[in-house]
Every structure is written in structure tokens, then in C-alpha cells.
$ cat start-v2.tsv   # TSV, C-alpha atoms
chain	number	residue	atom	x	y	z
M	1	MET	CA	85.18	112.76	74.01
M	2	THR	CA	88.05	114.27	72.06
M	3	ALA	CA	87.96	114.95	68.33
M	4	PHE	CA	90.49	112.15	67.84
M	5	GLU	CA	88.24	109.66	69.64
M	6	GLY	CA	85.37	110.82	67.44
M	7	PHE	CA	87.49	110.16	64.35
M	8	LEU	CA	88.44	106.68	65.59
M	9	ASN	CA	84.83	105.84	66.45
M	10	ASP	CA	83.55	107.08	63.11
M	11	ASN	CA	86.07	104.90	61.30
M	12	LYS	CA	85.48	101.88	63.56
M	13	ILE	CA	89.15	101.74	64.62
M	14	SER	CA	89.78	100.10	67.99
M	15	TYR	CA	91.53	102.16	70.67
M	16	LEU	CA	92.11	102.53	74.39
M	17	VAL	CA	92.55	105.73	76.39
M	18	ASN	CA	95.27	106.15	79.05
M	19	GLU	CA	96.37	102.58	78.48
M	20	PRO	CA	99.26	101.27	80.66
M	21	MET	CA	102.18	100.43	78.38
M	22	SER	CA	103.31	97.85	80.92
M	23	ARG	CA	100.61	95.65	79.36
M	24	HIS	CA	102.17	95.96	75.91
M	25	THR	CA	105.91	95.46	76.47
M	26	SER	CA	107.77	92.26	77.29
M	27	PHE	CA	109.50	94.14	80.14
M	28	HIS	CA	106.09	94.91	81.74
M	29	ILE	CA	107.32	98.46	82.31
M	30	GLY	CA	105.89	101.82	81.29
M	31	GLY	CA	103.41	104.56	82.09
M	32	ASN	CA	100.23	105.24	80.15
M	33	ALA	CA	99.81	105.86	76.45
M	34	GLU	CA	97.49	108.81	75.92
M	35	PHE	CA	95.83	106.82	73.11
M	36	PHE	CA	96.55	103.19	72.21
M	37	VAL	CA	95.27	102.50	68.70
M	38	LEU	CA	94.87	99.11	67.01
M	39	PRO	CA	94.22	99.43	63.26
M	40	GLU	CA	93.08	96.28	61.46
M	41	ASN	CA	94.56	97.00	58.03
M	42	GLU	CA	96.80	99.29	55.97
M	43	GLU	CA	93.96	101.68	55.10
M	44	ALA	CA	93.12	102.23	58.76
M	45	LEU	CA	96.79	102.65	59.67
M	46	ILE	CA	97.32	105.27	56.98
M	47	SER	CA	94.18	107.17	57.98
M	48	VAL	CA	95.23	107.31	61.64
M	49	ILE	CA	98.76	108.51	60.87
M	50	ASP	CA	97.39	111.08	58.42
M	51	TYR	CA	94.88	112.39	60.98
M	52	CYS	CA	97.55	112.60	63.66
M	53	ARG	CA	99.93	114.52	61.41
M	54	LYS	CA	97.25	117.01	60.39
M	55	ASN	CA	96.30	117.57	64.03
M	56	ASP	CA	99.80	117.65	65.56
M	57	ILE	CA	99.30	114.45	67.53
M	58	PRO	CA	102.61	112.62	68.12
M	59	VAL	CA	102.74	109.09	66.70
M	60	THR	CA	104.65	106.10	68.06
M	61	LEU	CA	104.44	102.83	66.10
M	62	ILE	CA	105.00	99.56	67.96
M	63	GLY	CA	104.56	95.82	67.49
M	64	LYS	CA	104.96	93.39	70.40
M	65	GLY	CA	107.10	95.82	72.41
M	66	SER	CA	109.77	93.19	73.02
M	67	ASN	CA	112.73	95.56	72.76
M	68	LEU	CA	111.17	98.65	74.35
M	69	VAL	CA	111.57	100.31	77.70
M	70	VAL	CA	108.77	102.83	78.07
M	71	SER	CA	109.12	105.91	80.25
M	72	ASP	CA	107.41	105.89	83.65
M	73	GLY	CA	105.68	109.06	82.48
M	74	GLY	CA	104.14	107.21	79.54
M	75	ILE	CA	103.82	108.31	75.93
M	76	SER	CA	102.09	111.42	74.61
M	77	GLY	CA	99.79	111.25	71.61
M	78	ALA	CA	98.92	108.04	69.77
M	79	VAL	CA	100.70	104.73	70.20
M	80	ILE	CA	99.74	102.74	67.12
M	81	CYS	CA	100.10	99.00	67.59
M	82	THR	CA	100.25	96.76	64.50
M	83	LEU	CA	99.41	93.45	66.19
M	84	ASN	CA	96.00	93.22	64.50
M	85	MET	CA	97.80	93.40	61.15
M	86	ASN	CA	99.29	89.93	61.42
M	87	GLY	CA	98.68	87.89	58.28
M	88	VAL	CA	101.23	85.41	56.92
M	89	SER	CA	100.76	84.03	53.39
M	90	PHE	CA	102.46	83.16	50.12
M	91	SER	CA	103.03	85.95	47.62
M	92	GLU	CA	102.50	85.51	43.88
M	93	ASN	CA	106.14	84.57	43.25
M	94	GLY	CA	106.21	81.93	45.98
M	95	ASN	CA	107.95	83.98	48.67
M	96	ILE	CA	106.35	84.36	52.10
M	97	PHE	CA	104.76	87.68	52.98
M	98	ALA	CA	104.34	88.49	56.67
M	99	ALA	CA	102.54	91.61	57.86
M	100	ALA	CA	104.32	93.86	60.35
M	101	GLY	CA	102.26	92.71	63.33
M	102	ALA	CA	102.78	89.00	62.76
M	103	SER	CA	104.79	87.35	65.49
M	104	LEU	CA	108.10	85.79	64.53
M	105	ALA	CA	106.80	82.56	66.06
M	106	SER	CA	103.84	82.47	63.66
M	107	LEU	CA	106.12	83.26	60.69
M	108	CYS	CA	108.56	80.50	61.66
M	109	THR	CA	105.74	78.02	62.18
M	110	PHE	CA	104.21	78.89	58.79
M	111	ALA	CA	107.58	78.33	57.11
M	112	ARG	CA	108.11	75.02	58.92
M	113	ASP	CA	104.63	73.75	58.05
M	114	ASN	CA	105.39	74.47	54.39
M	115	CYS	CA	108.80	72.72	54.55
M	116	LEU	CA	110.75	75.96	54.13
M	117	SER	CA	114.03	76.52	55.96
M	118	GLY	CA	116.00	79.64	56.87
M	119	LEU	CA	114.01	81.19	59.70
M	120	GLU	CA	114.81	78.63	62.39
M	121	PHE	CA	117.13	81.10	64.16
M	122	ALA	CA	114.18	83.44	64.74
M	123	TYR	CA	112.02	80.88	66.50
M	124	GLY	CA	111.79	82.03	70.09
M	125	ILE	CA	112.66	85.68	69.46
M	126	PRO	CA	109.63	87.32	71.13
M	127	GLY	CA	109.04	90.08	68.60
M	128	SER	CA	106.94	91.00	65.60
M	129	VAL	CA	108.06	91.00	61.98
M	130	GLY	CA	108.06	94.81	61.91
M	131	GLY	CA	110.22	95.04	65.00
M	132	ALA	CA	112.56	92.35	63.72
M	133	MET	CA	113.03	94.23	60.46
M	134	TYR	CA	113.57	97.51	62.28
M	135	MET	CA	116.37	95.98	64.38
M	136	ASN	CA	117.57	93.37	61.86
M	137	ALA	CA	116.97	90.85	64.63
M	138	GLY	CA	119.22	87.85	64.82
M	139	ALA	CA	120.35	84.88	66.87
M	140	TYR	CA	122.51	81.77	66.59
M	141	GLY	CA	124.37	83.05	63.55
M	142	GLY	CA	121.30	84.10	61.57
M	143	GLU	CA	119.81	87.51	60.89
M	144	MET	CA	116.75	88.86	59.12
M	145	LYS	CA	118.98	90.15	56.33
M	146	ASP	CA	119.83	86.54	55.44
M	147	VAL	CA	116.25	85.68	54.48
M	148	VAL	CA	114.36	88.90	53.71
M	149	VAL	CA	114.00	90.02	50.10
M	150	SER	CA	112.13	93.28	50.50
M	151	ALA	CA	109.95	95.30	52.84
M	152	LEU	CA	106.62	96.98	52.21
M	153	CYS	CA	106.55	100.43	53.83
M	154	LEU	CA	104.85	103.78	54.09
M	155	ASP	CA	107.17	106.60	53.08
M	156	GLU	CA	107.24	110.14	54.46
M	157	LYS	CA	104.20	111.08	52.33
M	158	LEU	CA	102.32	107.93	53.40
M	159	ASN	CA	102.67	106.34	49.98
M	160	ILE	CA	103.09	102.56	49.95
M	161	CYS	CA	106.53	101.64	48.63
M	162	LEU	CA	108.75	98.58	48.32
M	163	ILE	CA	112.33	98.70	49.58
M	164	GLU	CA	114.50	95.90	48.24
M	165	GLY	CA	117.83	94.24	48.91
M	166	GLU	CA	120.72	96.46	49.92
M	167	ASP	CA	118.43	99.51	50.02
M	168	MET	CA	117.12	98.18	53.35
M	169	CYS	CA	120.63	98.81	54.78
M	170	LEU	CA	120.36	95.80	57.07
M	171	SER	CA	123.38	95.53	59.35
M	172	TYR	CA	124.04	94.51	62.94
M	173	ARG	CA	120.92	95.66	64.85
M	174	SER	CA	120.32	98.43	62.33
M	175	SER	CA	118.37	99.18	59.16
M	176	ILE	CA	117.12	101.98	56.92
M	177	PHE	CA	113.93	101.88	59.00
M	178	LYS	CA	115.84	103.13	62.05
M	179	LYS	CA	117.43	105.94	60.09
M	180	GLU	CA	114.53	107.28	58.04
M	181	ASN	CA	110.88	108.05	58.73
M	182	LEU	CA	109.43	104.84	57.30
M	183	PHE	CA	106.57	102.74	58.65
M	184	ILE	CA	106.98	99.01	58.03
M	185	LEU	CA	103.85	97.27	56.71
M	186	GLY	CA	105.38	93.85	56.16
M	187	ALA	CA	108.22	91.91	54.57
M	188	TYR	CA	108.85	89.26	51.91
M	189	PHE	CA	111.04	86.24	52.72
M	190	LYS	CA	112.83	83.84	50.38
M	191	LEU	CA	113.55	80.48	51.97
M	192	THR	CA	114.84	77.07	50.87
M	193	ASN	CA	113.09	73.71	50.71
M	194	ASP	CA	113.87	71.17	53.41
M	195	LYS	CA	112.26	68.32	55.31
M	196	LYS	CA	109.76	69.41	57.93
M	197	GLU	CA	111.26	67.10	60.55
M	198	ASP	CA	114.74	68.58	60.04
M	199	ILE	CA	113.41	72.13	60.32
M	200	THR	CA	111.48	71.17	63.45
M	201	ALA	CA	114.59	69.63	65.00
M	202	ARG	CA	116.58	72.83	64.49
M	203	MET	CA	113.76	74.98	65.88
M	204	ASP	CA	113.49	72.74	68.94
M	205	ASP	CA	117.26	72.83	69.42
M	206	TYR	CA	117.37	76.64	69.37
M	207	MET	CA	114.39	76.88	71.72
M	208	GLY	CA	116.02	74.42	74.09
M	209	ARG	CA	119.18	76.52	74.15
M	210	ARG	CA	117.15	79.64	74.90
M	211	LYS	CA	115.32	78.03	77.78
M	212	SER	CA	118.53	76.65	79.31
M	213	LYS	CA	120.58	79.85	79.03
M	214	GLN	CA	118.14	82.77	79.15
M	215	PRO	CA	115.93	83.99	82.03
M	216	LEU	CA	112.67	83.44	80.16
M	217	GLU	CA	110.78	83.04	83.44
M	218	TYR	CA	111.09	86.80	84.09
M	219	PRO	CA	109.95	89.83	82.07
M	220	SER	CA	112.82	91.34	80.11
M	221	ALA	CA	113.59	92.97	76.79
M	222	GLY	CA	116.19	90.45	75.67
M	223	SER	CA	119.87	91.28	75.32
M	224	VAL	CA	120.53	94.66	76.90
M	225	PHE	CA	123.67	95.57	74.95
M	226	LYS	CA	124.89	95.09	71.42
M	227	ARG	CA	127.84	92.74	71.04
M	228	PRO	CA	131.03	94.86	71.22
M	229	GLU	CA	133.61	93.95	68.61
M	230	GLY	CA	135.95	91.32	69.97
M	231	TYR	CA	133.96	90.77	73.17
M	232	PHE	CA	130.73	89.39	74.57
M	233	ALA	CA	128.67	91.89	76.56
M	234	GLY	CA	127.39	89.29	79.02
M	235	ALA	CA	130.93	88.10	79.81
M	236	LEU	CA	132.14	91.66	80.45
M	237	ILE	CA	129.17	92.36	82.72
M	238	GLU	CA	129.72	89.13	84.66
M	239	LYS	CA	133.48	89.78	84.91
M	240	ASN	CA	132.73	93.09	86.61
M	241	GLY	CA	130.60	91.44	89.27
M	242	PHE	CA	127.15	92.50	88.14
M	243	LYS	CA	125.37	89.12	88.10
M	244	GLY	CA	122.43	89.54	90.47
M	245	TYR	CA	123.09	93.27	90.93
M	246	SER	CA	119.89	95.28	91.35
M	247	VAL	CA	118.61	98.82	91.13
M	248	GLY	CA	115.09	98.90	92.49
M	249	GLY	CA	113.13	96.14	90.79
M	250	ALA	CA	115.58	95.81	87.88
M	251	GLN	CA	118.21	93.10	88.24
M	252	VAL	CA	121.05	91.73	86.13
M	253	SER	CA	120.01	88.12	85.60
M	254	GLU	CA	121.86	85.53	87.65
M	255	LYS	CA	121.28	83.10	84.78
M	256	HIS	CA	122.68	85.28	81.95
M	257	ALA	CA	124.43	88.57	82.69
M	258	GLY	CA	123.49	89.95	79.27
M	259	PHE	CA	119.88	90.30	80.44
M	260	ILE	CA	118.22	92.73	82.84
M	261	ILE	CA	115.04	91.29	84.30
M	262	ASN	CA	112.01	92.82	85.97
M	263	LYS	CA	111.75	91.21	89.40
M	264	GLY	CA	108.19	92.44	89.73
M	265	ASN	CA	108.13	96.19	90.29
M	266	ALA	CA	110.89	97.58	88.08
M	267	THR	CA	110.53	101.04	86.60
M	268	CYS	CA	112.06	102.61	83.52
M	269	SER	CA	114.16	104.73	85.85
M	270	ASP	CA	115.52	101.59	87.53
M	271	VAL	CA	116.55	100.09	84.19
M	272	LYS	CA	118.16	103.32	82.97
M	273	LYS	CA	120.19	103.67	86.17
M	274	LEU	CA	121.33	100.06	86.03
M	275	VAL	CA	122.33	100.38	82.37
M	276	GLU	CA	124.40	103.50	83.13
M	277	ILE	CA	126.12	101.89	86.12
M	278	ILE	CA	127.12	98.89	84.01
M	279	LYS	CA	128.32	101.05	81.11
M	280	GLU	CA	130.49	103.22	83.38
M	281	LYS	CA	132.10	100.27	85.16
M	282	VAL	CA	132.85	98.29	81.98
M	283	LEU	CA	134.30	101.37	80.29
M	284	LYS	CA	136.49	102.12	83.30
M	285	GLU	CA	137.71	98.56	83.87
M	286	ASP	CA	137.89	97.21	80.32
M	287	GLY	CA	137.92	100.25	78.06
M	288	VAL	CA	134.86	98.93	76.21
M	289	SER	CA	131.93	101.22	75.45
M	290	LEU	CA	128.76	99.15	75.65
M	291	GLN	CA	125.91	100.34	73.44
M	292	PRO	CA	122.34	99.49	74.49
M	293	GLU	CA	120.26	97.31	72.21
M	294	LEU	CA	117.19	98.37	74.19
M	295	ILE	CA	115.11	101.24	72.86
M	296	PHE	CA	113.95	103.78	75.46
M	297	ILE	CA	110.84	105.72	74.43
M	298	GLY	CA	108.31	108.09	75.95
M	299	LYS	CA	108.25	111.28	77.99
M	300	ASP	CA	111.51	112.65	79.41
M	301	ILE	CA	113.70	109.98	77.76
$ encode --input "start-v2.tsv" --output "C-alpha cells"
Amino acid sequence: MTAFEGFLNDNKISYLVNEPMSRHTSFHIGGNAEFFVLPENEEALISVIDYCRKNDIPVTLIGKGSNLVVSDGGISGAVICTLNMNGVSFSENGNIFAAAGASLASLCTFARDNCLSGLEFAYGIPGSVGGAMYMNAGAYGGEMKDVVVSALCLDEKLNICLIEGEDMCLSYRSSIFKKENLFILGAYFKLTNDKKEDITARMDDYMGRRKSKQPLEYPSAGSVFKRPEGYFAGALIEKNGFKGYSVGGAQVSEKHAGFIINKGNATCSDVKKLVEIIKEKVLKEDGVSLQPELIFIGKDI
């Protein structure tokens, strides 16, 4: 047993050793995490990060892994997963607070059940609140920045802080959390009152559109590329003949060219090669530089 395992055992913090990351990403891709740690609360999270820093153990923080492509070589050090930190509740001022590990589905359902509108666009996005804040996730004309008031974070010194409004720097698939060393603990949302049946109808409409247009029957990490200004990435990819194109087990979806799917045995290497082939062709033929929305992490990335 390592000293780190001893620390985790002593503090009753759940963990797994040499855990396949393919079990913890929506792409079902990735080698092993040296340690996969599942803190139950903020105190446990802070203690694990503090221990890792003092003992030179690399830290990677994840939620549902819905936008990640993990290296075939896995991830060194500790992967800390927030999914056990998943509460959704009302704050003192009537806003909704959702912990970082809460799924967007559970947040949207909580809002709907309390007749609060504004998060319908997020219903069906397969991520956690922390990941959605990190990326300023959006769909169907809505983004997290439209409904979030503030985020609760750990700063560089592991102090709990509140980042509000424009200080979150929420923009298209970007945020202050991507640019600075901040760990998201949760976020506060301000929504508007509406009839539950109307909210439900909008949620069902968006989910129906997803199911009809997106390859939800296969593992993927959602949209592969950011939307280039003046274009649609999926249309450019389809125009260049990539629908159904494969590298190993990774394939451009025949249903929606903006998605790369795992046909069953895809590797990180397969996805990276396919992404590069698409980028090169679209740049050559259309003069458009596609930028990946996927996040590649792990060894040798």
C-alpha cells in the first residue's frame, strides 16, 4: 500500500487503483488512472488536493467525463471525480445551487419540478455542472452564462471563493475556469417562474431534436469542433466527404458529421488522427481552421 492509499483510507475517502478511464468518459476511451478518487464533500476534496500538492502527485479533476478524450496511456497521479458531490437545492436568496458533480439532467429536472425556466436548453447535455461551467456549455441558443449568477470555487491556495458575473469570463466554450487554476465546487442559478407543463414541453422538444439528429446510440464526446464564425462545422465536414469515414474504431457519424463516435474499440490515437485528418482537409479546401471542442488529457497528449 502506498502512503497516498494510507491517507485515503485513514480519511475514509473512496478510491480505486489503476482504474480504466474508459469507464468514466462518455467516449468509453482511455487508459488507466493511477488513482481514481471520489470525495464526498468539499472538506475531503480540499484535503486530497492539499495532500497531492505537498507530495508532488499530479491532480486531474473531472465530472462525468462527457467532453474528454483520455490518452491510451492513462493518467498519472490522482484523478479526482466530483460525482459524489452532487446536491441540488435552493440557496438562501431563492436561487438554485448545484454542486459541481450534479448532472445537468438532475439540475434541469429540479428546476422544472419547481416551475423555474431557463435551463431547458441544457436538458440532454450529458455533463456535470462543473464541466458545463468550465466549458460554458450551450445548445439551442442557450448557454450557461445566460442563467448562472456565480460559481463557488477553490482558488490557488485552496481557499473557498465566490466568482460572480462578468468575472467568470463566460464566452463561447470558454471561462475563467479554463484559464486559471480554479477548482469548481458548484454554481448558483437565477431562473424565471413559468408553468411546469410549458417547461416540460420545451425540455421534451429539445430532447426529441437531440434523439432525431444526434448519434446518441453510440459513445461519443458530443460536438467535436467549435462552431467556426460564419460556418457550421458539421456541414464543412460533410461537404468534404467525411460522413462515415473511419480511423480504427473512431468514425465520423453518418447521422451527424459534427460527431465522432466510438464504434466499439476506438482508441485515443484513433480519435486524434481522425481529428487531424479532418482539420487538414477542411483548412485546405475551405480555408477554415477548425478548433476542437474536445479536451484531450493524459500521458503523451
$ residues_around --input "start-v2.tsv" --residues "Ile184 of chain M" --least-positions-apart "6" --cutoff "7 Å" --atoms "all atoms listed in the file" --output "MDAnalysis selection string"
chainID M and resid 100 130 152:154
$ closest_residue --input "start-v2.tsv" --among "M:Ala102, M:Leu38, M:Val48, M:Ala139" --to "Leu185 of chain M" --atoms "all atoms listed in the file"
M:Ala102
$ axis_aligned_box --input "start-v2.tsv" --around "segment 185-190 of chain M" --padding-each-side "8 Å" --output "JSON"
{"center_x": 108.3, "center_y": 90.6, "center_z": 53.5, "size_x": 25.0, "size_y": 29.4, "size_z": 22.3}
$ atom_distance --input "start-v2.tsv" --atom1 "atom CA of Ile301 of chain M" --atom2 "atom CA of Leu16 of chain M"
23.1 Å
$ closest_residue --input "start-v2.tsv" --among "M:His24, M:Arg173, M:Arg53, M:Arg202" --to "Glu120 of chain M" --atoms "all atoms listed in the file"
M:Arg202
$ closest_residue --input "start-v2.tsv" --among "M:Val224, M:Ala111, M:Ile49, M:Val69" --to "Ser269 of chain M" --atoms "all atoms listed in the file"
M:Val69
$ atom_distance --input "start-v2.tsv" --atom1 "atom CA of Ile176 of chain M" --atom2 "atom CA of Val70 of chain M"
22.8 Å
$ residues_around --input "start-v2.tsv" --residues "Tyr172 of chain M" --least-positions-apart "6" --cutoff "9 Å" --atoms "all atoms listed in the file" --output "list in words"
Met135, Asn136, Ala137, Gly138, Glu143 and Lys226 of chain M
$ atom_distance --input "start-v2.tsv" --atom1 "atom CA of Lys273 of chain M" --atom2 "atom CA of Pro20 of chain M"
21.8 Å
$ closest_residue --input "start-v2.tsv" --among "M:Lys64, M:Lys190, M:Lys272, M:Lys179" --to "Val129 of chain M" --atoms "all atoms listed in the file"
M:Lys64
$ residues_around --input "start-v2.tsv" --residues "Gly124 of chain M" --least-positions-apart "5" --cutoff "8 Å" --atoms "all atoms listed in the file" --output "PDB file with C-alpha atoms, in the frame of the given file"
ATOM      1  CA  LEU M 104     108.100  85.790  64.530  1.00  0.00           C
ATOM      2  CA  ALA M 105     106.800  82.560  66.060  1.00  0.00           C
ATOM      3  CA  TYR M 206     117.370  76.640  69.370  1.00  0.00           C
ATOM      4  CA  MET M 207     114.390  76.880  71.720  1.00  0.00           C
ATOM      5  CA  ARG M 210     117.150  79.640  74.900  1.00  0.00           C
TER       6      ARG M 210
END
$ residues_around --input "start-v2.tsv" --residues "Val17 of chain M" --least-positions-apart "4" --cutoff "12 Å" --atoms "only C-alpha atoms" --output "PyMOL selection string"
chain M and resi 1-2+4-5+8+21+32-38+75-79
$ residues_around --input "start-v2.tsv" --residues "Gly264 of chain M" --least-positions-apart "3" --cutoff "9 Å" --atoms "only C-alpha atoms" --output "list in words"
His28, Tyr218, Pro219, Gly249, Ala250 and Ile261 of chain M
$ decode --input "start-v2.tsv" --residues "segment 254-266 of chain M" --atoms "N, CA, C and O atoms" --output "JSON list (two decimals), in the first residue's frame"
[["chain", "number", "residue", "atom", "x", "y", "z"],
["M", 254, "GLU", "N", -22.52, 8.92, -39.38],
["M", 254, "GLU", "CA", -23.30, 9.02, -40.60],
["M", 254, "GLU", "C", -24.60, 9.79, -40.36],
["M", 254, "GLU", "O", -25.25, 10.24, -41.31],
["M", 255, "LYS", "N", -24.95, 9.95, -39.09],
["M", 255, "LYS", "CA", -26.18, 10.66, -38.73],
["M", 255, "LYS", "C", -25.94, 12.16, -38.61],
["M", 255, "LYS", "O", -26.79, 12.97, -38.99],
["M", 256, "HIS", "N", -24.77, 12.55, -38.06],
["M", 256, "HIS", "CA", -24.42, 13.96, -37.86],
["M", 256, "HIS", "C", -22.90, 14.07, -37.94],
["M", 256, "HIS", "O", -22.19, 13.57, -37.08],
["M", 257, "ALA", "N", -22.42, 14.74, -39.00],
["M", 257, "ALA", "CA", -20.98, 14.79, -39.26],
["M", 257, "ALA", "C", -20.20, 15.58, -38.22],
["M", 257, "ALA", "O", -18.98, 15.52, -38.19],
["M", 258, "GLY", "N", -20.90, 16.30, -37.35],
["M", 258, "GLY", "CA", -20.21, 17.03, -36.29],
["M", 258, "GLY", "C", -19.77, 16.15, -35.14],
["M", 258, "GLY", "O", -19.09, 16.62, -34.23],
["M", 259, "PHE", "N", -20.14, 14.87, -35.17],
["M", 259, "PHE", "CA", -19.81, 13.94, -34.10],
["M", 259, "PHE", "C", -18.85, 12.86, -34.59],
["M", 259, "PHE", "O", -18.97, 12.37, -35.72],
["M", 260, "ILE", "N", -17.90, 12.51, -33.73],
["M", 260, "ILE", "CA", -17.10, 11.29, -33.92],
["M", 260, "ILE", "C", -17.60, 10.29, -32.90],
["M", 260, "ILE", "O", -17.75, 10.61, -31.72],
["M", 261, "ILE", "N", -17.87, 9.08, -33.36],
["M", 261, "ILE", "CA", -18.41, 8.05, -32.48],
["M", 261, "ILE", "C", -17.40, 6.93, -32.28],
["M", 261, "ILE", "O", -16.49, 6.73, -33.10],
["M", 262, "ASN", "N", -17.56, 6.23, -31.19],
["M", 262, "ASN", "CA", -16.75, 5.04, -30.89],
["M", 262, "ASN", "C", -17.56, 3.83, -31.35],
["M", 262, "ASN", "O", -18.57, 3.49, -30.75],
["M", 263, "LYS", "N", -17.09, 3.17, -32.41],
["M", 263, "LYS", "CA", -17.81, 2.03, -32.95],
["M", 263, "LYS", "C", -17.62, 0.77, -32.12],
["M", 263, "LYS", "O", -18.16, -0.28, -32.44],
["M", 264, "GLY", "N", -16.82, 0.86, -31.06],
["M", 264, "GLY", "CA", -16.68, -0.29, -30.18],
["M", 264, "GLY", "C", -15.29, -0.52, -29.65],
["M", 264, "GLY", "O", -15.12, -1.03, -28.56],
["M", 265, "ASN", "N", -14.28, -0.14, -30.44],
["M", 265, "ASN", "CA", -12.90, -0.38, -29.99],
["M", 265, "ASN", "C", -11.99, 0.81, -30.31],
["M", 265, "ASN", "O", -10.80, 0.64, -30.53],
["M", 266, "ALA", "N", -12.56, 1.99, -30.33],
["M", 266, "ALA", "CA", -11.77, 3.18, -30.67],
["M", 266, "ALA", "C", -10.76, 3.49, -29.58],
["M", 266, "ALA", "O", -10.99, 3.24, -28.39]]
